[in-house]
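Structure file final_10.cif with mmCIF, C-alpha atoms (C1' of nucleotides):
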```
data_data
#
loop_
_atom_site.label_atom_id
_atom_site.label_comp_id
_atom_site.auth_asym_id
_atom_site.auth_seq_id
_atom_site.Cartn_x
_atom_site.Cartn_y
_atom_site.Cartn_z
CA MET A 123 -24.36 -16.23 -14.87
CA GLY A 124 -23.56 -19.88 -15.22
CA ALA A 125 -19.79 -19.66 -15.26
CA ALA A 126 -19.18 -18.80 -11.67
CA GLY A 127 -21.43 -21.32 -10.03
CA ALA A 128 -21.56 -18.85 -7.17
CA GLY A 129 -25.25 -18.39 -7.70
CA SER A 130 -27.08 -19.42 -4.58
CA THR A 131 -25.69 -20.84 -1.37
CA ASP A 132 -22.26 -21.80 -2.55
CA TRP A 133 -20.80 -19.17 -0.26
CA GLN A 134 -22.26 -20.88 2.77
CA GLU A 135 -20.73 -24.19 1.82
CA ARG A 136 -17.37 -22.60 1.26
CA LEU A 137 -17.32 -20.96 4.62
CA ARG A 138 -18.57 -23.91 6.59
CA ALA A 139 -16.23 -26.28 4.84
CA ARG A 140 -13.39 -24.31 6.37
CA GLY A 141 -14.97 -24.01 9.78
CA TYR A 142 -16.37 -20.52 9.38
CA ARG A 143 -19.93 -19.48 10.00
CA ALA A 144 -22.33 -18.17 7.41
CA THR A 145 -23.45 -14.77 8.63
CA PRO A 146 -25.56 -12.03 7.08
CA GLN A 147 -22.60 -9.67 7.14
CA ARG A 148 -20.51 -12.07 5.12
CA GLU A 149 -23.26 -12.42 2.60
CA LEU A 150 -23.68 -8.68 2.34
CA VAL A 151 -19.98 -8.04 1.90
CA LEU A 152 -19.66 -10.74 -0.73
CA ALA A 153 -22.66 -9.38 -2.61
CA ALA A 154 -21.21 -5.88 -2.52
CA VAL A 155 -17.89 -7.06 -3.90
CA GLN A 156 -19.68 -8.85 -6.71
CA ARG A 157 -21.72 -5.78 -7.55
CA LEU A 158 -18.92 -3.22 -7.45
CA ARG A 159 -16.41 -4.99 -9.58
CA HIS A 160 -13.35 -3.43 -8.01
CA ALA A 161 -13.91 -2.37 -4.45
CA THR A 162 -11.79 -1.07 -1.61
CA PRO A 163 -12.82 -1.90 1.96
CA ASP A 164 -14.37 1.51 2.23
CA ASP A 165 -16.27 1.10 -1.03
CA VAL A 166 -17.72 -2.08 0.34
CA LEU A 167 -18.88 -0.42 3.51
CA SER A 168 -20.60 2.36 1.58
CA GLU A 169 -22.23 -0.04 -0.83
CA VAL A 170 -23.65 -2.22 1.90
CA ARG A 171 -24.90 0.72 3.89
CA ARG A 172 -26.64 2.03 0.83
CA THR A 173 -29.21 -0.74 1.24
CA SER A 174 -29.42 0.04 4.92
CA ALA A 175 -27.96 -2.59 7.24
CA SER A 176 -25.54 -1.27 9.77
CA LEU A 177 -22.16 -2.81 9.26
CA ASN A 178 -18.87 -1.93 10.86
CA LEU A 179 -15.66 -1.17 9.03
CA SER A 180 -13.76 -3.56 11.27
CA THR A 181 -16.12 -6.28 10.20
CA VAL A 182 -15.54 -5.40 6.57
CA TYR A 183 -11.81 -5.86 6.99
CA ARG A 184 -12.19 -9.12 8.89
CA THR A 185 -14.78 -10.38 6.45
CA LEU A 186 -12.77 -9.58 3.34
CA GLU A 187 -9.90 -11.50 4.85
CA VAL A 188 -12.05 -14.54 5.49
CA LEU A 189 -13.76 -14.43 2.11
CA GLU A 190 -10.38 -14.29 0.43
CA GLU A 191 -9.07 -17.17 2.51
CA VAL A 192 -11.91 -19.43 1.47
CA GLY A 193 -11.44 -18.42 -2.14
CA LEU A 194 -14.60 -16.43 -2.76
CA ILE A 195 -12.81 -13.20 -3.54
CA ARG A 196 -9.35 -11.94 -4.45
CA HIS A 197 -7.51 -8.69 -4.08
CA ALA A 198 -5.04 -6.73 -6.16
CA HIS A 199 -3.41 -3.34 -5.76
CA LEU A 200 -4.84 -1.05 -8.37
CA SER A 201 -3.46 2.13 -6.93
CA ASP A 202 -0.22 2.69 -5.13
CA ARG A 203 -2.18 2.69 -1.94
CA ALA A 204 -5.41 0.75 -1.66
CA PRO A 205 -6.25 -2.91 -2.03
CA THR A 206 -9.24 -3.60 -4.25
CA TYR A 207 -11.26 -6.77 -4.04
CA HIS A 208 -13.18 -8.60 -6.72
CA ALA A 209 -15.24 -11.77 -6.76
CA MET A 210 -13.76 -14.97 -8.05
CA GLY A 211 -15.65 -17.20 -10.39
CA GLU A 212 -15.58 -14.62 -13.11
CA ASP A 213 -12.89 -15.46 -15.60
CA GLU A 214 -9.53 -15.05 -13.96
CA HIS A 215 -7.91 -11.85 -15.05
CA PHE A 216 -5.19 -9.37 -14.23
CA HIS A 217 -5.19 -5.59 -14.47
CA LEU A 218 -3.66 -2.83 -16.52
CA VAL A 219 -3.78 0.55 -14.80
CA CYS A 220 -3.18 3.81 -16.64
CA ARG A 221 -1.21 6.33 -14.63
CA SER A 222 -2.51 9.27 -16.65
CA CYS A 223 -6.25 8.75 -16.66
CA GLY A 224 -6.58 6.10 -14.00
CA ALA A 225 -8.38 3.70 -16.30
CA VAL A 226 -8.40 0.07 -15.22
CA LEU A 227 -8.43 -2.55 -17.91
CA SER A 228 -9.11 -6.20 -17.08
CA VAL A 229 -7.26 -8.67 -19.22
CA GLY A 230 -7.96 -12.40 -19.44
CA SER A 231 -5.35 -14.73 -18.05
CA ALA A 232 -4.75 -16.17 -21.48
CA GLU A 233 -2.84 -13.08 -22.53
CA GLY A 234 -0.42 -13.54 -19.70
CA SER A 235 0.11 -17.25 -19.94
CA ALA A 236 3.14 -16.99 -22.17
CA PHE A 237 4.73 -14.65 -19.65
CA VAL A 238 3.88 -16.96 -16.77
CA ASP A 239 5.27 -19.95 -18.63
CA ALA A 240 8.49 -18.12 -19.35
CA LEU A 241 8.97 -17.26 -15.69
CA ARG A 242 8.32 -20.83 -14.65
CA ALA A 243 10.74 -22.16 -17.24
CA LYS A 244 13.58 -19.78 -16.45
CA HIS A 245 13.20 -19.33 -12.73
CA GLY A 246 10.93 -22.10 -11.54
CA PHE A 247 8.67 -19.32 -10.35
CA ALA A 248 4.93 -19.93 -10.24
CA ALA A 249 3.45 -16.51 -10.88
CA ASP A 250 0.10 -15.59 -9.41
CA LEU A 251 -1.36 -13.87 -12.44
CA GLY A 252 -4.64 -13.07 -10.72
CA HIS A 253 -2.88 -10.73 -8.34
CA LEU A 254 -0.89 -8.99 -11.02
CA THR A 255 -1.29 -5.31 -11.75
CA VAL A 256 0.62 -3.70 -14.58
CA PHE A 257 1.05 0.05 -14.46
CA GLY A 258 1.65 2.08 -17.55
CA THR A 259 -0.07 4.32 -20.07
CA CYS A 260 -3.21 3.40 -21.94
CA ALA A 261 -3.95 3.88 -25.61
CA ASP A 262 -5.86 7.12 -25.10
CA CYS A 263 -3.10 8.83 -23.15
CA MET B 156 30.11 1.94 -13.85
CA GLY B 157 29.87 3.26 -17.33
CA ALA B 158 26.28 2.39 -18.04
CA ALA B 159 24.62 4.51 -15.43
CA GLY B 160 26.70 7.62 -15.71
CA ALA B 161 25.61 8.23 -12.15
CA GLY B 162 29.13 8.17 -10.91
CA SER B 163 30.07 11.58 -9.60
CA THR B 164 28.04 14.76 -9.66
CA ASP B 165 25.42 13.67 -12.10
CA TRP B 166 22.86 13.86 -9.34
CA GLN B 167 23.50 17.55 -8.89
CA GLU B 168 22.95 18.20 -12.57
CA ARG B 169 19.77 16.23 -12.59
CA LEU B 170 18.33 18.12 -9.69
CA ARG B 171 19.34 21.56 -10.85
CA ALA B 172 18.15 20.89 -14.38
CA ARG B 173 14.66 20.56 -12.95
CA GLY B 174 14.94 23.53 -10.66
CA TYR B 175 15.77 21.65 -7.49
CA ARG B 176 18.68 22.34 -5.21
CA ALA B 177 21.52 19.97 -4.52
CA THR B 178 21.57 19.41 -0.77
CA PRO B 179 23.57 17.12 1.47
CA GLN B 180 20.40 15.33 2.55
CA ARG B 181 19.54 14.51 -1.04
CA GLU B 182 22.99 13.15 -1.61
CA LEU B 183 22.82 11.03 1.52
CA VAL B 184 19.42 9.60 0.66
CA LEU B 185 20.47 8.78 -2.88
CA ALA B 186 23.65 7.11 -1.65
CA ALA B 187 21.67 5.05 0.83
CA VAL B 188 19.25 3.86 -1.83
CA GLN B 189 22.16 2.85 -4.03
CA ARG B 190 23.81 0.93 -1.21
CA LEU B 191 20.73 -0.89 0.05
CA ARG B 192 19.40 -2.23 -3.18
CA HIS B 193 15.77 -2.36 -2.15
CA ALA B 194 14.94 0.13 0.54
CA THR B 195 11.80 1.38 2.24
CA PRO B 196 11.71 4.96 3.49
CA ASP B 197 12.45 3.69 6.96
CA ASP B 198 15.36 1.59 5.75
CA VAL B 199 16.81 4.70 4.17
CA LEU B 200 16.55 6.66 7.36
CA SER B 201 18.30 3.94 9.35
CA GLU B 202 21.03 3.54 6.79
CA VAL B 203 21.81 7.24 6.66
CA ARG B 204 21.82 7.57 10.42
CA ARG B 205 24.26 4.70 10.65
CA THR B 206 26.92 7.02 9.34
CA SER B 207 25.76 9.67 11.75
CA ALA B 208 24.09 12.67 10.16
CA SER B 209 20.79 13.61 11.63
CA LEU B 210 18.10 13.34 9.04
CA ASN B 211 14.38 13.54 9.46
CA LEU B 212 11.89 10.98 8.24
CA SER B 213 9.78 13.71 6.68
CA THR B 214 12.78 14.74 4.68
CA VAL B 215 13.30 11.17 3.57
CA TYR B 216 9.79 11.03 2.18
CA ARG B 217 10.08 14.38 0.47
CA THR B 218 13.51 13.55 -0.88
CA LEU B 219 12.54 10.16 -2.27
CA GLU B 220 9.72 11.84 -4.09
CA VAL B 221 12.02 14.41 -5.64
CA LEU B 222 14.71 11.90 -6.55
CA GLU B 223 12.12 9.78 -8.28
CA GLU B 224 10.71 12.73 -10.15
CA VAL B 225 14.08 13.64 -11.60
CA GLY B 226 14.67 10.03 -12.55
CA LEU B 227 17.46 9.09 -10.17
CA ILE B 228 15.49 6.38 -8.41
CA ARG B 229 12.38 4.29 -8.89
CA HIS B 230 9.98 2.51 -6.61
CA ALA B 231 8.04 -0.72 -6.70
CA HIS B 232 5.77 -2.48 -4.25
CA LEU B 233 7.53 -5.58 -3.06
CA SER B 234 5.20 -6.33 -0.20
CA ASP B 235 1.50 -5.72 0.02
CA ARG B 236 2.32 -2.76 2.16
CA ALA B 237 5.57 -0.85 1.71
CA PRO B 238 7.12 0.90 -1.26
CA THR B 239 10.75 0.03 -1.89
CA TYR B 240 13.12 2.27 -3.78
CA HIS B 241 16.09 1.41 -5.91
CA ALA B 242 18.57 3.45 -7.90
CA MET B 243 18.18 3.76 -11.62
CA GLY B 244 21.09 3.33 -13.92
CA GLU B 245 21.45 -0.29 -13.00
CA ASP B 246 19.93 -2.44 -15.69
CA GLU B 247 16.20 -2.00 -15.68
CA HIS B 248 14.48 -4.90 -14.02
CA PHE B 249 11.25 -6.03 -12.47
CA HIS B 250 10.64 -8.21 -9.43
CA LEU B 251 9.37 -11.65 -8.55
CA VAL B 252 8.31 -11.97 -4.93
CA CYS B 253 7.73 -15.32 -3.26
CA ARG B 254 4.78 -15.33 -0.88
CA SER B 255 6.08 -18.31 1.06
CA CYS B 256 9.65 -17.36 1.83
CA GLY B 257 9.58 -13.69 0.94
CA ALA B 258 12.45 -14.02 -1.49
CA VAL B 259 12.81 -11.21 -4.01
CA LEU B 260 14.20 -12.05 -7.42
CA SER B 261 15.24 -9.34 -9.84
CA VAL B 262 14.67 -10.15 -13.48
CA GLY B 263 16.08 -8.27 -16.44
CA SER B 264 13.62 -6.37 -18.60
CA ALA B 265 14.46 -8.58 -21.54
CA GLU B 266 12.46 -11.42 -20.05
CA GLY B 267 9.38 -9.30 -19.94
CA SER B 268 9.64 -7.63 -23.31
CA ALA B 269 7.50 -10.19 -25.10
CA PHE B 270 4.77 -9.61 -22.54
CA VAL B 271 5.06 -5.85 -22.87
CA ASP B 272 4.93 -6.09 -26.65
CA ALA B 273 1.83 -8.24 -26.50
CA LEU B 274 0.05 -5.75 -24.28
CA ARG B 275 0.97 -2.90 -26.56
CA ALA B 276 -0.19 -4.79 -29.63
CA LYS B 277 -3.52 -5.93 -28.21
CA HIS B 278 -4.46 -2.99 -26.04
CA GLY B 279 -2.22 -0.12 -27.05
CA PHE B 280 -1.03 -0.18 -23.48
CA ALA B 281 2.53 0.93 -22.73
CA ALA B 282 3.47 -1.12 -19.69
CA ASP B 283 5.92 0.23 -17.19
CA LEU B 284 7.95 -2.89 -16.65
CA GLY B 285 10.28 -1.28 -14.15
CA HIS B 286 7.44 -0.84 -11.69
CA LEU B 287 6.14 -4.37 -12.09
CA THR B 288 6.09 -6.83 -9.24
CA VAL B 289 4.93 -10.38 -9.79
CA PHE B 290 3.80 -12.31 -6.75
CA GLY B 291 3.86 -16.08 -6.67
CA THR B 292 5.84 -19.02 -5.37
CA CYS B 293 9.53 -19.52 -5.97
CA ALA B 294 11.30 -22.69 -7.00
CA ASP B 295 12.30 -23.57 -3.45
CA CYS B 296 8.79 -23.36 -2.06
"C1'" DC C 257 19.48 38.45 -0.57
"C1'" DT C 258 15.53 35.40 -1.83
"C1'" DA C 259 13.05 31.53 -1.39
"C1'" DC C 260 13.67 26.56 -1.36
"C1'" DG C 261 14.66 22.75 1.82
"C1'" DT C 262 14.87 20.90 6.48
"C1'" DG C 263 13.56 19.66 11.18
"C1'" DC C 264 10.09 19.22 14.43
"C1'" DA C 265 5.67 18.19 15.94
"C1'" DA C 266 1.10 17.52 15.12
"C1'" DA C 267 -2.46 15.66 12.09
"C1'" DA C 268 -4.46 12.53 8.90
"C1'" DG C 269 -5.32 8.19 6.78
"C1'" DC C 270 -5.90 3.42 6.92
"C1'" DT C 271 -5.83 -0.96 9.36
"C1'" DT C 272 -5.67 -3.67 13.49
"C1'" DT C 273 -6.94 -5.09 18.19
"C1'" DG C 274 -9.34 -5.84 22.97
"C1'" DC C 275 -13.47 -6.62 25.04
"C1'" DA C 276 -18.35 -7.34 25.97
"C1'" DT C 277 -22.55 -8.70 23.64
"C1'" DG C 278 -25.14 -11.39 20.07
"C1'" DC C 279 -26.05 -15.11 16.99
"C1'" DG C 280 -25.06 -19.31 14.16
"C1'" DT C 281 -24.72 -24.24 14.75
"C1'" DA D 142 -25.45 -24.02 25.41
"C1'" DC D 143 -20.98 -23.09 23.32
"C1'" DG D 144 -18.02 -20.29 21.08
"C1'" DC D 145 -17.25 -17.77 16.80
"C1'" DA D 146 -18.52 -13.15 14.79
"C1'" DT D 147 -19.77 -8.39 15.37
"C1'" DG D 148 -19.77 -3.60 17.01
"C1'" DC D 149 -17.50 -0.05 19.26
"C1'" DA D 150 -13.68 2.48 20.62
"C1'" DA D 151 -9.02 2.98 21.13
"C1'" DA D 152 -4.36 2.05 19.64
"C1'" DG D 153 -0.78 1.47 15.85
"C1'" DC D 154 1.52 2.54 11.65
"C1'" DT D 155 2.85 4.87 7.79
"C1'" DT D 156 2.68 9.09 5.38
"C1'" DT D 157 1.53 14.03 5.07
"C1'" DT D 158 1.41 18.89 6.45
"C1'" DG D 159 2.22 23.67 8.78
"C1'" DC D 160 5.64 26.64 10.42
"C1'" DA D 161 9.93 28.85 11.67
"C1'" DC D 162 14.71 28.56 10.76
"C1'" DG D 163 18.80 27.46 7.91
"C1'" DT D 164 21.22 27.53 3.61
"C1'" DA D 165 21.91 26.85 -1.54
"C1'" DG D 166 22.24 29.68 -5.53
#
```

How does the structure come out when it is put into structure tokens?
Amino acid sequence: MGAAGAGSTDWQERLRARGYRATPQRELVLAAVQRLRHATPDDVLSEVRRTSASLNLSTVYRTLEVLEEVGLIRHAHLSDRAPTYHAMGEDEHFHLVCRSCGAVLSVGSAEGSAFVDALRAKHGFAADLGHLTVFGTCADC
Amino acid sequence: MGAAGAGSTDWQERLRARGYRATPQRELVLAAVQRLRHATPDDVLSEVRRTSASLNLSTVYRTLEVLEEVGLIRHAHLSDRAPTYHAMGEDEHFHLVCRSCGAVLSVGSAEGSAFVDALRAKHGFAADLGHLTVFGTCADC
DNA sequence: CTACGTGCAAAAGCTTTGCATGCGT
DNA sequence: ACGCATGCAAAGCTTTTGCACGTAG
């Protein structure tokens, strides 16, 4: 996994650079988000607890917030009610969610760049493509 | 308002056609959504109560659901936490939301059609543009 | 007249917060 | 040693649900 550069202790640097501390919980939460590619706070808790380690849900919420602030993870809203987090470093992408079967399709930013450019040109609006979720119906449905 | 055809008693037809009853509460909620152009369930309750009429929040939720099912209104997620409803019949549009100032910009579907077409062509995905919300930063921020 | 819709109140999620203890720096 | 981070438990919100009564069709 060369692309991300998030291999070893990059997460520690990131946190400390912003005045945060590098704690085991933060490492565990980050690792869980990287493993599960789209995870809700609750998913993260379950995943971490799978490999033992007692971790509190409050801490998950606070940690996800911090990790997002320092740019290690991002969130999007894949269902009408539930934020899902994913690690950054992978190619930036946005999501297509099928309302019929629930399938989630990740699409590279490139395919949205024309759209983003159009919005910037017409409205001076800088769209945050990485947070975008498009609902609709997939090919199979 | 020729386009919408939602002028007079169309709402009654719509409801009855799907086996629902036309009630005063449903009329009040629909009217409130049309007046406030982007309303949360709570906004709707407040607006209706302004012109007296006791109406329960539970009823608002149930009514919004029904009105959306019969195609009289739609919802989108303009903030990370709160669905906002708007009447259909107006030109279909999607939303740009500025994270800095909170401004909400409505954009005609036309400006998103190229994007929708691209998604259909590449992924066979039929995007629901009317539900789309794009977060980012507006020209003033 | 039949049964769908409403109001009320309680329950169910999900997320946040206060405080004392523990740990990173 | 200092003070941020965590765990625990309780509070806060938004949304949902059960029931008895009212009312549209």

Would you write out chain B as an mmCIF file with C-alpha atoms, keeping the file's coordinate frame, after superposing it on chain A by least squares over all in-order Cα pairs?
```cif
data_model
loop_
_atom_site.group_PDB
_atom_site.id
_atom_site.type_symbol
_atom_site.label_atom_id
_atom_site.label_comp_id
_atom_site.auth_asym_id
_atom_site.auth_seq_id
_atom_site.Cartn_x
_atom_site.Cartn_y
_atom_site.Cartn_z
ATOM 1 C CA MET B 156 -23.855 -17.848 -14.552
ATOM 2 C CA GLY B 157 -22.793 -21.398 -14.973
ATOM 3 C CA ALA B 158 -19.066 -20.916 -14.832
ATOM 4 C CA ALA B 159 -18.763 -19.582 -11.341
ATOM 5 C CA GLY B 160 -21.217 -21.813 -9.586
ATOM 6 C CA ALA B 161 -21.447 -18.988 -7.095
ATOM 7 C CA GLY B 162 -25.094 -18.526 -7.739
ATOM 8 C CA SER B 163 -27.049 -19.399 -4.634
ATOM 9 C CA THR B 164 -25.770 -20.782 -1.365
ATOM 10 C CA ASP B 165 -22.354 -21.788 -2.516
ATOM 11 C CA TRP B 166 -20.884 -19.155 -0.254
ATOM 12 C CA GLN B 167 -22.345 -20.840 2.789
ATOM 13 C CA GLU B 168 -20.801 -24.150 1.826
ATOM 14 C CA ARG B 169 -17.456 -22.583 1.238
ATOM 15 C CA LEU B 170 -17.404 -20.923 4.599
ATOM 16 C CA ARG B 171 -18.651 -23.878 6.578
ATOM 17 C CA ALA B 172 -16.301 -26.256 4.804
ATOM 18 C CA ARG B 173 -13.447 -24.297 6.336
ATOM 19 C CA GLY B 174 -15.012 -24.009 9.743
ATOM 20 C CA TYR B 175 -16.413 -20.521 9.365
ATOM 21 C CA ARG B 176 -19.970 -19.486 10.017
ATOM 22 C CA ALA B 177 -22.359 -18.145 7.438
ATOM 23 C CA THR B 178 -23.478 -14.739 8.673
ATOM 24 C CA PRO B 179 -25.592 -12.008 7.145
ATOM 25 C CA GLN B 180 -22.638 -9.623 7.205
ATOM 26 C CA ARG B 181 -20.547 -12.028 5.171
ATOM 27 C CA GLU B 182 -23.303 -12.373 2.649
ATOM 28 C CA LEU B 183 -23.716 -8.621 2.385
ATOM 29 C CA VAL B 184 -20.008 -8.000 1.931
ATOM 30 C CA LEU B 185 -19.706 -10.691 -0.710
ATOM 31 C CA ALA B 186 -22.718 -9.329 -2.576
ATOM 32 C CA ALA B 187 -21.258 -5.839 -2.492
ATOM 33 C CA VAL B 188 -17.938 -7.010 -3.892
ATOM 34 C CA GLN B 189 -19.748 -8.803 -6.691
ATOM 35 C CA ARG B 190 -21.793 -5.725 -7.533
ATOM 36 C CA LEU B 191 -18.973 -3.190 -7.445
ATOM 37 C CA ARG B 192 -16.457 -4.941 -9.589
ATOM 38 C CA HIS B 193 -13.386 -3.395 -8.029
ATOM 39 C CA ALA B 194 -13.952 -2.332 -4.469
ATOM 40 C CA THR B 195 -11.818 -1.042 -1.624
ATOM 41 C CA PRO B 196 -12.831 -1.878 1.934
ATOM 42 C CA ASP B 197 -14.363 1.552 2.227
ATOM 43 C CA ASP B 198 -16.272 1.158 -1.021
ATOM 44 C CA VAL B 199 -17.730 -2.046 0.348
ATOM 45 C CA LEU B 200 -18.879 -0.384 3.511
ATOM 46 C CA SER B 201 -20.598 2.409 1.596
ATOM 47 C CA GLU B 202 -22.247 0.025 -0.804
ATOM 48 C CA VAL B 203 -23.656 -2.171 1.936
ATOM 49 C CA ARG B 204 -24.915 0.780 3.923
ATOM 50 C CA ARG B 205 -26.690 2.070 0.853
ATOM 51 C CA THR B 206 -29.202 -0.699 1.293
ATOM 52 C CA SER B 207 -29.405 0.103 4.966
ATOM 53 C CA ALA B 208 -27.942 -2.518 7.269
ATOM 54 C CA SER B 209 -25.526 -1.229 9.805
ATOM 55 C CA LEU B 210 -22.159 -2.781 9.286
ATOM 56 C CA ASN B 211 -18.876 -1.902 10.870
ATOM 57 C CA LEU B 212 -15.677 -1.139 9.019
ATOM 58 C CA SER B 213 -13.762 -3.518 11.257
ATOM 59 C CA THR B 214 -16.119 -6.238 10.204
ATOM 60 C CA VAL B 215 -15.551 -5.364 6.577
ATOM 61 C CA TYR B 216 -11.827 -5.846 6.983
ATOM 62 C CA ARG B 217 -12.214 -9.088 8.874
ATOM 63 C CA THR B 218 -14.810 -10.358 6.440
ATOM 64 C CA LEU B 219 -12.806 -9.558 3.324
ATOM 65 C CA GLU B 220 -9.943 -11.477 4.810
ATOM 66 C CA VAL B 221 -12.094 -14.517 5.466
ATOM 67 C CA LEU B 222 -13.812 -14.407 2.090
ATOM 68 C CA GLU B 223 -10.446 -14.284 0.402
ATOM 69 C CA GLU B 224 -9.126 -17.157 2.450
ATOM 70 C CA VAL B 225 -11.977 -19.419 1.427
ATOM 71 C CA GLY B 226 -11.516 -18.403 -2.183
ATOM 72 C CA LEU B 227 -14.673 -16.403 -2.792
ATOM 73 C CA ILE B 228 -12.867 -13.171 -3.577
ATOM 74 C CA ARG B 229 -9.418 -11.935 -4.497
ATOM 75 C CA HIS B 230 -7.559 -8.689 -4.134
ATOM 76 C CA ALA B 231 -5.096 -6.726 -6.204
ATOM 77 C CA HIS B 232 -3.415 -3.370 -5.790
ATOM 78 C CA LEU B 233 -4.817 -1.044 -8.387
ATOM 79 C CA SER B 234 -3.408 2.129 -6.931
ATOM 80 C CA ASP B 235 -0.162 2.622 -5.107
ATOM 81 C CA ARG B 236 -2.179 2.698 -1.954
ATOM 82 C CA ALA B 237 -5.429 0.760 -1.654
ATOM 83 C CA PRO B 238 -6.275 -2.900 -2.076
ATOM 84 C CA THR B 239 -9.276 -3.584 -4.280
ATOM 85 C CA TYR B 240 -11.320 -6.744 -4.075
ATOM 86 C CA HIS B 241 -13.237 -8.569 -6.738
ATOM 87 C CA ALA B 242 -15.313 -11.725 -6.780
ATOM 88 C CA MET B 243 -13.838 -14.917 -8.096
ATOM 89 C CA GLY B 244 -15.730 -17.099 -10.462
ATOM 90 C CA GLU B 245 -15.644 -14.483 -13.150
ATOM 91 C CA ASP B 246 -12.963 -15.325 -15.654
ATOM 92 C CA GLU B 247 -9.589 -14.912 -14.056
ATOM 93 C CA HIS B 248 -7.947 -11.706 -15.126
ATOM 94 C CA PHE B 249 -5.215 -9.268 -14.286
ATOM 95 C CA HIS B 250 -5.179 -5.484 -14.496
ATOM 96 C CA LEU B 251 -3.603 -2.717 -16.517
ATOM 97 C CA VAL B 252 -3.697 0.643 -14.778
ATOM 98 C CA CYS B 253 -3.028 3.901 -16.591
ATOM 99 C CA ARG B 254 -1.037 6.390 -14.538
ATOM 100 C CA SER B 255 -2.271 9.356 -16.542
ATOM 101 C CA CYS B 256 -6.015 8.884 -16.583
ATOM 102 C CA GLY B 257 -6.390 6.217 -13.935
ATOM 103 C CA ALA B 258 -8.224 3.880 -16.264
ATOM 104 C CA VAL B 259 -8.315 0.238 -15.213
ATOM 105 C CA LEU B 260 -8.365 -2.391 -17.924
ATOM 106 C CA SER B 261 -9.099 -6.013 -17.134
ATOM 107 C CA VAL B 262 -7.263 -8.516 -19.279
ATOM 108 C CA GLY B 263 -8.008 -12.211 -19.543
ATOM 109 C CA SER B 264 -5.416 -14.591 -18.150
ATOM 110 C CA ALA B 265 -4.835 -16.013 -21.596
ATOM 111 C CA GLU B 266 -2.890 -12.931 -22.601
ATOM 112 C CA GLY B 267 -0.481 -13.434 -19.784
ATOM 113 C CA SER B 268 0.012 -17.163 -20.030
ATOM 114 C CA ALA B 269 3.066 -16.934 -22.257
ATOM 115 C CA PHE B 270 4.680 -14.645 -19.708
ATOM 116 C CA VAL B 271 3.777 -16.955 -16.848
ATOM 117 C CA ASP B 272 5.136 -19.950 -18.731
ATOM 118 C CA ALA B 273 8.389 -18.160 -19.416
ATOM 119 C CA LEU B 274 8.853 -17.325 -15.758
ATOM 120 C CA ARG B 275 8.159 -20.884 -14.749
ATOM 121 C CA ALA B 276 10.575 -22.241 -17.331
ATOM 122 C CA LYS B 277 13.442 -19.889 -16.525
ATOM 123 C CA HIS B 278 13.054 -19.476 -12.795
ATOM 124 C CA GLY B 279 10.730 -22.215 -11.624
ATOM 125 C CA PHE B 280 8.511 -19.418 -10.435
ATOM 126 C CA ALA B 281 4.751 -19.988 -10.349
ATOM 127 C CA ALA B 282 3.322 -16.538 -10.963
ATOM 128 C CA ASP B 283 -0.006 -15.590 -9.514
ATOM 129 C CA LEU B 284 -1.449 -13.839 -12.514
ATOM 130 C CA GLY B 285 -4.717 -13.009 -10.810
ATOM 131 C CA HIS B 286 -2.942 -10.710 -8.386
ATOM 132 C CA LEU B 287 -0.916 -8.956 -11.056
ATOM 133 C CA THR B 288 -1.285 -5.277 -11.769
ATOM 134 C CA VAL B 289 0.662 -3.661 -14.570
ATOM 135 C CA PHE B 290 1.131 0.080 -14.403
ATOM 136 C CA GLY B 291 1.790 2.128 -17.500
ATOM 137 C CA THR B 292 0.118 4.424 -19.988
ATOM 138 C CA CYS B 293 -3.020 3.559 -21.892
ATOM 139 C CA ALA B 294 -3.717 4.074 -25.565
ATOM 140 C CA ASP B 295 -5.592 7.321 -25.000
ATOM 141 C CA CYS B 296 -2.813 8.966 -23.034
#
```

* Selection dump of the PyMOL selection byres ((chain A and resi 181) around 12), as a count of residues only -> 30

* To do: Would you mind reading off the distance between CA of Asp246 in chain B and CA of Ser264 in chain B, one decimal, in Å?
  =>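 Taking CA of Asp246 in chain B and CA of Ser264 in chain B, their separation equals 8.0 Å.
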
* Would you kindly translate the PyMOL selection byres ((chain C) within 10 of (chain B)) into the concrete residues it picks from this file, as a PyMOL selection string? => chain C and resi 260-264

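Within 7 Å of chain B, counting all atoms listed in the file, chain A contributes Phe237, His245, Gly246, Phe247, Ala248, Ala249, Asp250, Leu254, Val256, Phe257, Gly258, Thr259, Cys260 and Ala261 of chain A.
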
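For the pair CA of Leu152 in chain A and C1' of DT273 in chain C, the interatomic distance is 23.5 Å.
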
For this file, the PyMOL selection byres ((chain D) within 12 of (chain B)) selects which residues, as an mmCIF file with C-alpha atoms (C1' of nucleotides), in the coordinates of the input?
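Written file, result.cif:
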```cif
data_model
loop_
_atom_site.group_PDB
_atom_site.id
_atom_site.type_symbol
_atom_site.label_atom_id
_atom_site.label_comp_id
_atom_site.auth_asym_id
_atom_site.auth_seq_id
_atom_site.Cartn_x
_atom_site.Cartn_y
_atom_site.Cartn_z
ATOM 1 C "C1'" DC D 154 1.520 2.540 11.650
ATOM 2 C "C1'" DT D 155 2.850 4.870 7.790
ATOM 3 C "C1'" DT D 156 2.680 9.090 5.380
ATOM 4 C "C1'" DT D 157 1.530 14.030 5.070
ATOM 5 C "C1'" DT D 158 1.410 18.890 6.450
ATOM 6 C "C1'" DT D 164 21.220 27.530 3.610
ATOM 7 C "C1'" DA D 165 21.910 26.850 -1.540
ATOM 8 C "C1'" DG D 166 22.240 29.680 -5.530
#
```

* Taking (-8.1, -4.8, 22.3) in the file's own coordinates, collect the residues within 12 Å, counting only C-alpha atoms (C1' of nucleotides), and hand them back as an MDAnalysis selection string. => (chainID C and resid 272:276) or (chainID D and resid 149:153)
